[in-house]
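A.B. asks: Data file entry31.cif (mmCIF, C-alpha atoms and all ligand atoms) is appended below.
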data_data
#
loop_
_atom_site.label_atom_id
_atom_site.label_comp_id
_atom_site.auth_asym_id
_atom_site.auth_seq_id
_atom_site.Cartn_x
_atom_site.Cartn_y
_atom_site.Cartn_z
CA MET A 1 167.16 -192.50 -146.49
CA VAL A 2 164.52 -194.49 -148.27
CA VAL A 3 160.81 -193.78 -148.42
CA VAL A 4 158.82 -195.76 -145.83
CA LYS A 5 155.19 -196.84 -145.93
CA VAL A 6 153.56 -195.77 -142.65
CA CYS A 7 150.27 -197.53 -143.33
CA GLU A 8 147.95 -198.05 -146.28
CA ASP A 9 148.21 -194.89 -148.46
CA ILE A 10 150.48 -192.96 -146.07
CA PHE A 11 154.21 -192.62 -146.76
CA TRP A 12 157.12 -191.05 -144.86
CA VAL A 13 159.23 -189.00 -147.30
CA GLY A 14 161.38 -187.04 -144.84
CA VAL A 15 165.12 -186.70 -144.34
CA ASP A 16 167.72 -186.96 -141.60
CA ASP A 17 169.91 -183.97 -140.83
CA LYS A 18 173.35 -185.08 -139.66
CA ARG A 19 175.03 -181.98 -141.09
CA ASP A 20 173.89 -179.14 -138.88
CA ILE A 21 175.76 -178.62 -135.62
CA LEU A 22 173.23 -176.19 -134.14
CA PHE A 23 169.46 -176.36 -134.58
CA GLU A 24 168.05 -172.84 -135.02
CA GLY A 25 171.70 -171.75 -134.89
CA LEU A 26 171.47 -172.17 -131.11
CA TRP A 27 170.95 -175.72 -129.93
CA PRO A 28 173.60 -178.45 -130.31
CA ILE A 29 172.33 -181.57 -132.09
CA PRO A 30 175.06 -184.16 -131.59
CA TYR A 31 172.70 -186.94 -132.68
CA GLY A 32 171.20 -184.97 -135.57
CA VAL A 33 167.51 -184.39 -136.15
CA SER A 34 164.93 -185.59 -138.67
CA TYR A 35 162.59 -183.46 -140.74
CA ASN A 36 159.56 -185.64 -141.33
CA SER A 37 157.23 -185.17 -144.25
CA TYR A 38 154.36 -187.41 -145.32
CA ILE A 39 152.26 -188.18 -148.38
CA VAL A 40 148.64 -189.27 -148.06
CA LYS A 41 147.35 -190.93 -151.24
CA GLY A 42 143.57 -190.80 -151.38
CA SER A 43 141.63 -192.48 -154.15
CA GLU A 44 140.76 -189.06 -155.58
CA LYS A 45 143.33 -186.59 -154.25
CA ILE A 46 146.90 -186.63 -153.00
CA ALA A 47 148.31 -184.50 -150.17
CA LEU A 48 151.88 -183.80 -149.13
CA ILE A 49 152.08 -182.90 -145.44
CA ASP A 50 154.94 -180.55 -144.45
CA ALA A 51 158.30 -180.25 -146.21
CA VAL A 52 161.92 -180.24 -145.06
CA ASP A 53 164.89 -177.92 -144.59
CA ARG A 54 166.05 -176.25 -147.82
CA PHE A 55 169.49 -177.89 -147.68
CA TYR A 56 167.83 -181.29 -148.22
CA THR A 57 165.63 -180.23 -151.16
CA LYS A 58 167.24 -182.60 -153.68
CA GLU A 59 166.83 -185.66 -151.44
CA PHE A 60 163.29 -184.61 -150.56
CA LEU A 61 162.22 -184.17 -154.19
CA SER A 62 163.63 -187.59 -154.99
CA ASN A 63 161.73 -189.14 -152.05
CA ILE A 64 158.46 -187.59 -153.22
CA GLU A 65 159.00 -188.91 -156.74
CA GLU A 66 159.32 -192.43 -155.41
CA VAL A 67 155.69 -192.23 -154.27
CA VAL A 68 153.90 -189.87 -156.66
CA LYS A 69 154.43 -187.69 -159.72
CA PHE A 70 154.60 -184.00 -158.83
CA SER A 71 151.75 -183.38 -161.26
CA GLU A 72 149.55 -185.67 -159.13
CA ILE A 73 149.88 -183.67 -155.90
CA ASP A 74 146.69 -181.77 -155.16
CA TYR A 75 147.50 -180.27 -151.77
CA ILE A 76 150.58 -179.27 -149.81
CA ILE A 77 149.48 -179.08 -146.21
CA LEU A 78 151.68 -176.94 -143.99
CA ASN A 79 151.18 -177.58 -140.31
CA HIS A 80 154.08 -175.27 -139.46
CA LEU A 81 156.01 -172.73 -141.53
CA GLU A 82 159.34 -172.66 -139.73
CA PRO A 83 161.96 -173.18 -142.45
CA ASP A 84 163.02 -176.59 -141.15
CA HIS A 85 159.61 -177.67 -142.51
CA SER A 86 159.08 -175.24 -145.35
CA GLY A 87 162.57 -174.52 -146.73
CA ALA A 88 162.11 -176.93 -149.63
CA LEU A 89 158.59 -175.68 -150.35
CA GLU A 90 159.48 -173.29 -153.15
CA GLU A 91 161.13 -176.02 -155.25
CA VAL A 92 158.24 -178.44 -154.62
CA VAL A 93 155.68 -175.83 -155.66
CA LYS A 94 157.65 -175.14 -158.86
CA LYS A 95 157.47 -178.83 -159.81
CA THR A 96 153.78 -179.29 -159.09
CA THR A 97 151.16 -178.21 -161.60
CA LYS A 98 147.97 -178.01 -159.58
CA ALA A 99 148.90 -178.21 -155.90
CA LYS A 100 147.26 -175.77 -153.52
CA ILE A 101 148.84 -174.78 -150.22
CA VAL A 102 146.65 -175.67 -147.25
CA SER A 103 147.39 -174.03 -143.92
CA SER A 104 146.00 -171.62 -141.36
CA GLN A 105 145.53 -168.10 -142.71
CA MET A 106 148.56 -167.05 -140.71
CA GLY A 107 150.53 -169.95 -142.17
CA ILE A 108 149.61 -168.82 -145.69
CA ASN A 109 150.72 -165.29 -144.82
CA PHE A 110 154.05 -166.63 -143.58
CA ALA A 111 154.47 -168.72 -146.76
CA LYS A 112 153.88 -165.61 -148.90
CA ALA A 113 156.39 -163.64 -146.84
CA TYR A 114 159.03 -166.35 -147.23
CA TYR A 115 158.40 -167.66 -150.73
CA GLY A 116 156.32 -165.04 -152.54
CA GLY A 117 152.69 -165.40 -153.49
CA ASN A 118 153.02 -167.60 -156.55
CA PHE A 119 150.63 -170.31 -155.37
CA GLU A 120 146.97 -170.95 -154.74
CA ALA A 121 146.05 -171.38 -151.10
CA ILE A 122 143.24 -172.69 -148.93
CA ALA A 123 143.01 -171.31 -145.40
CA VAL A 124 141.61 -173.83 -142.94
CA LYS A 125 140.00 -173.32 -139.55
CA ASP A 126 139.28 -175.62 -136.64
CA ASN A 127 137.42 -178.79 -137.68
CA ASP A 128 137.52 -178.03 -141.41
CA THR A 129 137.93 -181.18 -143.45
CA LEU A 130 139.48 -182.15 -146.76
CA ASN A 131 138.28 -185.30 -148.50
CA LEU A 132 140.99 -187.14 -150.44
CA GLY A 133 138.82 -190.17 -151.16
CA GLY A 134 139.13 -192.86 -148.50
CA HIS A 135 141.00 -190.40 -146.31
CA THR A 136 139.26 -187.43 -144.78
CA LEU A 137 141.67 -185.00 -143.22
CA LYS A 138 140.46 -182.87 -140.35
CA PHE A 139 142.32 -179.75 -139.26
CA ILE A 140 142.81 -178.76 -135.65
CA THR A 141 144.21 -175.38 -134.79
CA ALA A 142 147.04 -175.76 -132.30
CA PRO A 143 148.66 -172.33 -132.10
CA TRP A 144 152.12 -171.73 -130.64
CA LEU A 145 153.45 -175.23 -131.22
CA HIS A 146 155.75 -173.83 -131.77
CA TRP A 147 154.84 -170.70 -133.74
CA PRO A 148 151.48 -168.90 -133.74
CA GLU A 149 150.29 -170.33 -137.09
CA THR A 150 150.52 -174.01 -136.23
CA ILE A 151 147.81 -176.59 -136.91
CA PHE A 152 147.47 -180.36 -136.55
CA THR A 153 146.16 -182.53 -139.39
CA TYR A 154 144.20 -185.66 -138.48
CA ASP A 155 143.32 -188.48 -140.86
CA ILE A 156 139.95 -189.69 -139.62
CA ASN A 157 140.11 -192.98 -141.55
CA THR A 158 143.42 -194.24 -140.15
CA SER A 159 143.33 -192.31 -136.84
CA THR A 160 146.68 -190.76 -137.74
CA LEU A 161 147.65 -187.43 -136.17
CA PHE A 162 150.21 -185.25 -137.94
CA SER A 163 151.26 -183.02 -135.07
CA GLY A 164 154.08 -180.86 -136.45
CA ASP A 165 156.68 -179.92 -133.84
CA ALA A 166 154.46 -181.04 -130.97
CA PHE A 167 155.63 -184.32 -129.40
CA GLY A 168 158.83 -184.22 -131.45
CA THR A 169 162.41 -184.91 -130.45
CA PHE A 170 165.99 -184.24 -131.48
CA GLY A 171 167.84 -187.26 -132.86
CA ALA A 172 168.12 -188.49 -136.44
CA LEU A 173 166.20 -191.63 -137.35
CA GLU A 174 169.10 -193.50 -138.99
CA GLY A 175 166.70 -195.58 -141.08
CA LYS A 176 164.51 -196.65 -138.15
CA ILE A 177 161.29 -194.75 -138.64
CA PHE A 178 158.92 -196.50 -136.25
CA ASP A 179 158.87 -196.56 -132.47
CA ASP A 180 158.72 -200.37 -132.54
CA GLU A 181 161.95 -200.55 -134.58
CA THR A 182 163.99 -198.65 -132.06
CA ASN A 183 164.25 -198.20 -128.30
CA VAL A 184 162.23 -195.00 -128.00
CA ARG A 185 163.28 -194.68 -124.36
CA GLU A 186 166.74 -193.88 -125.70
CA TYR A 187 165.23 -190.78 -127.29
CA GLU A 188 163.82 -189.56 -123.98
CA ASN A 189 166.76 -187.33 -123.01
CA GLU A 190 166.84 -185.79 -126.47
CA MET A 191 163.06 -185.39 -126.41
CA LYS A 192 163.19 -183.62 -123.06
CA ARG A 193 165.98 -181.40 -124.39
CA TYR A 194 163.97 -180.63 -127.54
CA PHE A 195 160.96 -179.84 -125.35
CA ALA A 196 162.97 -177.58 -123.02
CA ASP A 197 164.88 -175.83 -125.82
CA ILE A 198 162.12 -175.44 -128.40
CA VAL A 199 158.64 -175.91 -126.94
CA SER A 200 158.80 -175.16 -123.21
CA HIS A 201 158.11 -171.45 -123.59
CA TYR A 202 154.69 -172.50 -124.91
CA SER A 203 153.90 -175.16 -122.31
CA GLN A 204 150.42 -173.77 -121.69
CA PHE A 205 149.66 -174.30 -125.40
CA VAL A 206 150.79 -177.92 -125.18
CA LEU A 207 148.17 -178.37 -122.44
CA LYS A 208 145.51 -176.61 -124.54
CA ALA A 209 146.30 -178.71 -127.62
CA ALA A 210 146.31 -181.92 -125.56
CA GLU A 211 142.87 -181.01 -124.25
CA LYS A 212 141.63 -180.57 -127.83
CA ILE A 213 142.86 -184.00 -128.93
CA LYS A 214 142.12 -185.93 -125.74
CA ASP A 215 139.02 -187.66 -127.16
CA LEU A 216 140.57 -188.28 -130.54
CA PRO A 217 141.49 -191.90 -131.20
CA ILE A 218 145.16 -191.80 -132.20
CA LYS A 219 146.55 -195.04 -133.62
CA ILE A 220 149.56 -193.45 -135.33
CA LEU A 221 151.34 -190.29 -134.27
CA CYS A 222 153.40 -188.59 -136.98
CA THR A 223 155.43 -185.66 -135.70
CA THR A 224 157.86 -183.62 -137.79
CA HIS A 225 160.91 -184.59 -135.66
CA GLY A 226 161.64 -188.11 -134.49
CA PRO A 227 160.01 -191.52 -134.80
CA VAL A 228 156.55 -192.36 -136.07
CA TYR A 229 154.68 -193.83 -133.08
CA ARG A 230 152.46 -196.76 -134.01
CA LYS A 231 153.10 -198.98 -130.98
CA GLU A 232 152.78 -196.34 -128.25
CA PRO A 233 151.32 -193.19 -129.82
CA ASP A 234 150.54 -191.76 -126.40
CA TYR A 235 154.12 -192.16 -125.12
CA PRO A 236 155.47 -188.74 -126.23
CA ILE A 237 152.11 -187.09 -125.54
CA LYS A 238 152.23 -188.19 -121.89
CA LEU A 239 155.80 -186.97 -121.52
CA TYR A 240 154.96 -183.58 -123.03
CA LEU A 241 151.98 -183.29 -120.67
CA LYS A 242 154.16 -184.11 -117.67
CA TRP A 243 156.84 -181.61 -118.61
CA SER A 244 154.29 -178.91 -119.50
CA SER A 245 152.47 -179.32 -116.21
CA GLY A 246 155.63 -178.68 -114.18
CA VAL A 247 157.26 -181.35 -112.09
CA ASP A 248 158.97 -180.68 -108.77
CA GLU A 249 161.36 -183.39 -107.79
CA LYS A 250 163.52 -183.36 -104.70
CA LYS A 251 166.45 -182.43 -106.85
CA VAL A 252 168.89 -179.54 -106.65
CA LEU A 253 170.82 -178.25 -109.63
CA ILE A 254 174.17 -176.58 -109.15
CA VAL A 255 174.93 -174.37 -112.14
CA TYR A 256 178.04 -172.24 -112.19
CA GLY A 257 180.89 -170.79 -114.20
CA SER A 258 184.48 -170.82 -113.03
CA MET A 259 187.68 -169.27 -114.34
CA TYR A 260 190.29 -170.75 -112.01
CA GLU A 261 188.33 -173.44 -110.12
CA HIS A 262 187.64 -171.38 -106.98
CA THR A 263 183.92 -171.20 -107.85
CA THR A 264 184.15 -174.91 -108.71
CA GLU A 265 185.47 -175.54 -105.19
CA ILE A 266 182.35 -173.92 -103.67
CA ALA A 267 180.12 -175.90 -106.04
CA GLU A 268 181.83 -179.15 -105.04
CA TYR A 269 181.49 -178.34 -101.35
CA LEU A 270 177.74 -177.66 -101.77
CA GLU A 271 177.28 -180.80 -103.86
CA GLU A 272 178.99 -183.00 -101.31
CA LYS A 273 176.96 -181.56 -98.42
CA LEU A 274 173.65 -182.02 -100.27
CA LYS A 275 174.54 -185.60 -101.17
CA GLN A 276 175.39 -186.32 -97.54
CA LYS A 277 171.84 -185.23 -96.71
CA GLY A 278 170.44 -187.67 -99.28
CA ILE A 279 169.44 -185.01 -101.82
CA THR A 280 169.72 -185.72 -105.55
CA VAL A 281 172.14 -183.20 -107.03
CA LYS A 282 173.22 -182.49 -110.59
CA SER A 283 176.07 -180.10 -111.19
CA PHE A 284 176.92 -178.24 -114.40
CA ASN A 285 179.90 -176.02 -115.20
CA LEU A 286 178.71 -173.48 -117.77
CA CYS A 287 182.24 -173.20 -119.13
CA LYS A 288 181.96 -176.83 -120.25
CA VAL A 289 178.26 -177.47 -120.84
CA HIS A 290 175.93 -175.65 -123.26
CA PRO A 291 172.73 -174.31 -121.61
CA SER A 292 170.75 -176.56 -123.98
CA PHE A 293 171.72 -179.54 -121.82
CA ILE A 294 170.87 -177.77 -118.54
CA LEU A 295 167.42 -176.39 -119.46
CA PRO A 296 165.79 -179.86 -119.42
CA GLU A 297 167.12 -180.42 -115.91
CA LEU A 298 165.36 -177.23 -114.82
CA ILE A 299 161.99 -178.69 -115.75
CA ASP A 300 161.84 -180.93 -112.70
CA SER A 301 164.13 -179.13 -110.25
CA LYS A 302 162.71 -177.03 -107.50
CA THR A 303 165.91 -175.24 -106.61
CA VAL A 304 169.07 -174.08 -108.34
CA LEU A 305 172.31 -173.08 -106.70
CA LEU A 306 173.82 -170.54 -109.05
CA GLY A 307 177.50 -169.65 -108.86
CA SER A 308 179.52 -166.97 -110.58
CA PRO A 309 182.88 -165.31 -110.23
CA THR A 310 182.97 -161.55 -110.53
CA TYR A 311 184.16 -160.48 -113.96
CA GLU A 312 184.97 -156.83 -114.65
CA GLY A 313 182.62 -155.89 -111.85
CA ALA A 314 179.80 -157.89 -113.40
CA ILE A 315 178.30 -161.38 -113.57
CA TYR A 316 180.60 -163.81 -115.40
CA PRO A 317 179.31 -163.85 -119.04
CA PRO A 318 178.59 -167.64 -119.22
CA VAL A 319 176.38 -167.21 -116.13
CA SER A 320 174.52 -164.11 -117.38
CA ASN A 321 174.09 -165.87 -120.74
CA PHE A 322 172.55 -168.86 -118.95
CA LEU A 323 170.17 -166.55 -117.07
CA GLU A 324 169.06 -165.12 -120.41
CA TYR A 325 168.23 -168.63 -121.65
CA VAL A 326 166.30 -169.24 -118.41
CA ARG A 327 164.46 -165.93 -118.85
CA ILE A 328 163.26 -166.61 -122.39
CA LYS A 329 162.40 -170.27 -121.84
CA ASN A 330 159.58 -171.15 -119.51
CA VAL A 331 161.62 -173.57 -117.43
CA ARG A 332 162.09 -171.62 -114.24
CA PRO A 333 162.61 -173.16 -110.86
CA LYS A 334 161.09 -170.89 -108.24
CA THR A 335 164.02 -170.74 -105.84
CA PHE A 336 167.67 -169.95 -106.28
CA GLY A 337 170.63 -169.94 -103.94
CA ILE A 338 173.59 -167.77 -104.91
CA PHE A 339 177.33 -168.20 -104.47
CA VAL A 340 179.95 -165.78 -105.73
CA ASN A 341 183.71 -165.94 -105.78
CA TYR A 342 185.93 -162.89 -106.04
CA THR A 343 189.48 -161.68 -105.48
CA TRP A 344 189.32 -157.92 -105.93
CA GLY A 345 186.10 -157.31 -107.85
CA SER A 346 182.87 -155.84 -106.57
CA ASN A 347 180.06 -157.80 -104.98
CA ILE A 348 177.76 -159.01 -107.77
CA ILE A 349 175.25 -160.65 -105.46
CA GLU A 350 172.85 -157.72 -105.82
CA GLN A 351 173.15 -157.96 -109.63
CA LEU A 352 172.32 -161.65 -109.51
CA LYS A 353 169.44 -161.06 -107.07
CA ASN A 354 168.00 -158.32 -109.27
CA LYS A 355 168.15 -160.52 -112.37
CA LEU A 356 166.45 -163.40 -110.58
CA ASN A 357 163.86 -161.22 -108.85
CA GLU A 358 162.94 -159.60 -112.18
CA ASN A 359 161.87 -163.08 -113.29
CA GLY A 360 159.83 -163.79 -110.18
CA MET A 361 162.36 -166.08 -108.55
CA LYS A 362 162.88 -166.25 -104.82
CA ILE A 363 166.36 -166.13 -103.30
CA ILE A 364 167.29 -168.56 -100.55
CA GLU A 365 169.53 -166.98 -97.93
CA PRO A 366 172.25 -166.78 -96.96
CA THR A 367 174.12 -165.90 -100.13
CA LEU A 368 177.80 -166.82 -100.25
CA PHE A 369 180.45 -164.26 -101.09
CA VAL A 370 183.79 -166.04 -100.99
CA ARG A 371 187.25 -164.55 -101.50
CA GLY A 372 189.57 -167.14 -103.01
CA LYS A 373 189.42 -170.43 -101.12
CA LEU A 374 186.59 -171.39 -98.79
CA THR A 375 187.31 -170.48 -95.15
CA GLU A 376 185.79 -172.24 -92.16
CA GLU A 377 183.48 -169.26 -91.78
CA ASP A 378 182.40 -169.59 -95.44
CA LYS A 379 181.71 -173.29 -94.88
CA LYS A 380 179.44 -172.51 -91.90
CA LYS A 381 177.48 -170.11 -94.07
CA ALA A 382 177.32 -172.71 -96.85
CA ASP A 383 176.00 -175.27 -94.34
CA SER A 384 173.32 -172.81 -93.30
CA LEU A 385 172.34 -172.34 -96.98
CA ILE A 386 172.10 -176.12 -97.37
CA GLU A 387 169.82 -176.38 -94.32
CA ASN A 388 167.48 -173.74 -95.76
CA ILE A 389 167.39 -175.51 -99.14
CA ILE A 390 166.50 -178.79 -97.48
CA LYS A 391 163.64 -177.10 -95.61
CA ILE A 392 162.25 -175.94 -98.97
CA ILE A 393 162.54 -179.15 -100.96
CA ILE A 394 161.47 -181.66 -98.32
FE1 LIG B 401 160.54 -177.95 -136.36
FE2 LIG B 401 159.29 -175.04 -135.12
O1 LIG B 401 160.13 -176.13 -136.39
#
Is it possible to express this structure as structure tokens?
Ligand code: FEO
C.D. replies:
Amino acid sequence: MVVVKVCEDIFWVGVDDKRDILFEGLWPIPYGVSYNSYIVKGSEKIALIDAVDRFYTKEFLSNIEEVVKFSEIDYIILNHLEPDHSGALEEVVKKTTKAKIVSSQMGINFAKAYYGGNFEAIAVKDNDTLNLGGHTLKFITAPWLHWPETIFTYDINTSTLFSGDAFGTFGALEGKIFDDETNVREYENEMKRYFADIVSHYSQFVLKAAEKIKDLPIKILCTTHGPVYRKEPDYPIKLYLKWSSGVDEKKVLIVYGSMYEHTTEIAEYLEEKLKQKGITVKSFNLCKVHPSFILPELIDSKTVLLGSPTYEGAIYPPVSNFLEYVRIKNVRPKTFGIFVNYTWGSNIIEQLKNKLNENGMKIIEPTLFVRGKLTEEDKKKADSLIENIIKIII
């Protein structure tokens, strides 16, 4: 992609990643992702803000050279050290002659651990400033967005916030850098998925960071993933605040795994009954859908109906894997209903209850333990479960 002028003296020099299949080796990115980096050209000093994934080093170096000579770069500001933003750092540092790394002390420690200590560094704290001439950069500590070292950089003169991962989204830019060049609403699903998959564990830190920047005039929002927001800079911030605050909609998720469609049959029965009662339902078969696409749905669901067949006397692996994702990400509905299908295996309801209880989740009774096809007696029990769910969500 080509270099883009964001505003007077600020340039986007990032890259699109359409190569990787899994972000962090975990999360599918069917629409790619961008690694955004920026150059701020002051009248006296020049700063590069964040870098890109190592795989894109060559393209990144070429982008930088379109704007400045490497020998002109005075500072390399690192808001976040995760390698999707620092992988190319080593090669950039080699080409510069006077550039100093600017980051939190922890960020500098991480840079040394990753890339050795062959650079000069300036550790910044909250409200420290760096004068580039015509652009004064102010640093705002914003830890755990999404690692502990993270900071925001704010250009006082143009009211531009460089927010790192915060307010970012999956989805490559495809040459359309600005929010007014694209339909940003089309990014919303990918943004919610990025939030759920990457940031949600640190929701409380999103709220803390938002509180710190609430009185800051922001005319341009430059994240490290996704569009540059110059038309509606508060659009992603508002969404992040909503998702971090927890939203309970009258929505039930049905999440299950199924080997031979018997568990699917229970899921379909429950879905149909809930829909008849006017409840919004979304259903996901874990054998067909990666948890990455289900986690965002958990953000605004009050209740999940979780289904598993027995498998070697245990929870079916796709279901226990999903519960592990739920455990480590802070997107936990408070109530779960359970349905299990079996032929000869043991009753895994207690195993499922224990796993859910360990994470502070409440079980809605009755639980369903179905052998093969649903009997009339099973259906009565399922109806009773539906009634109890409706009492909770309405
Ligand atoms: Fe985009 Fe936490 O790295």
A.B. asks: Which protein, DNA or RNA residues have an atom at most 10 Å from (167.4, -168.0, -125.3), counting only C-alpha atoms? List them as a list of chain:residue names.
C.D. replies: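 Checked against the point, the hits come out as A:Leu26, A:Trp27, A:Asp197, A:Ile198, A:Pro291, A:Ser292, A:Asn321, A:Phe322, A:Leu323, A:Glu324, A:Tyr325, A:Val326, A:Arg327, A:Ile328, A:Lys329.
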A.B. asks: Which residue, A:Ile254, A:Val304, A:Ile151, A:Val319, has the smallest gap to Met361 in chain A when you use all atoms listed in the file?
C.D. replies: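 Looking at the shortest contact to Met361 in chain A, the residue is A:Val304.
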A.B. asks: Please determine, counting all atoms listed in the file, which residue among A:Lys69, A:His135, A:Lys355, A:Lys238 has the shortest atom-to-atom distance to Ala99 in chain A.
C.D. replies: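 Among A:Lys69, A:His135, A:Lys355, A:Lys238, it is A:Lys69 that comes nearest to Ala99 in chain A.
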A.B. asks: From the set A:Ile156, A:Pro143, A:Leu48, A:Gly171, which residue has the shortest atom-to-atom contact distance to Thr129 in chain A, counting all atoms listed in the file?
C.D. replies: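 Of A:Ile156, A:Pro143, A:Leu48, A:Gly171, the one nearest Thr129 in chain A is A:Ile156, counting all atoms listed in the file.
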A.B. asks: Output the neighbourhood of ligand LIG 401 (chain B) as a PyMOL selection string, that is, all protein and nucleic acid residues with some atom at most 9 Å from the ligand, counting only C-alpha atoms and all ligand atoms.
C.D. replies: chain A and resi 24+35+80-85+145-147+150+164-166+168+198-199+224-225
A.B. asks: With a distance cut-off of 9 Å and all atoms listed in the file, select the neighbouring residues of Tyr31 in chain A, excluding the residue or stretch itself and same-chain residues fewer than 3 positions from it, and output the selection as a PyMOL selection string.
C.D. replies: chain A and resi 18+28+170-172+190
A.B. asks: Provide the CA of Leu89 in chain A to CA of Pro148 in chain A distance in Å, to one decimal place.
C.D. replies: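 According to the coordinates, CA of Leu89 in chain A and CA of Pro148 in chain A are separated by 19.3 Å.
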A.B. asks: Taking 3 positions as the minimum chain separation for residues in the same chain, which residues sit within 10 Å of Ala382 in chain A when counting all atoms listed in the file? Answer as an NGL selection string.
C.D. replies: :A and (266 or 269-270 or 273 or 339 or 365-369 or 374 or 376-379 or 385-388)
A.B. asks: Taking all atoms listed in the file into account, which of A:Lys125, A:His201, A:Lys219, A:Lys282 comes nearest Ala142 in chain A?
C.D. replies: A:Lys125
A.B. asks: Considering all atoms listed in the file, return as an NGL selection string whatever protein or nucleic-acid residues lie within 10 Å of Ser245 in chain A, sequence-local ones (same chain, fewer than 3 positions apart) excluded.
C.D. replies: :A and (203-204 or 206-207 or 239-242 or 248 or 299)
A.B. asks: Which residue out of A:Met106, A:Val15, A:Ala111, A:Ile349 has the minimum interatomic distance to Ile363 in chain A when all atoms listed in the file are used?
C.D. replies: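 Selected residue with least distance to Ile363 in chain A: A:Ile349.
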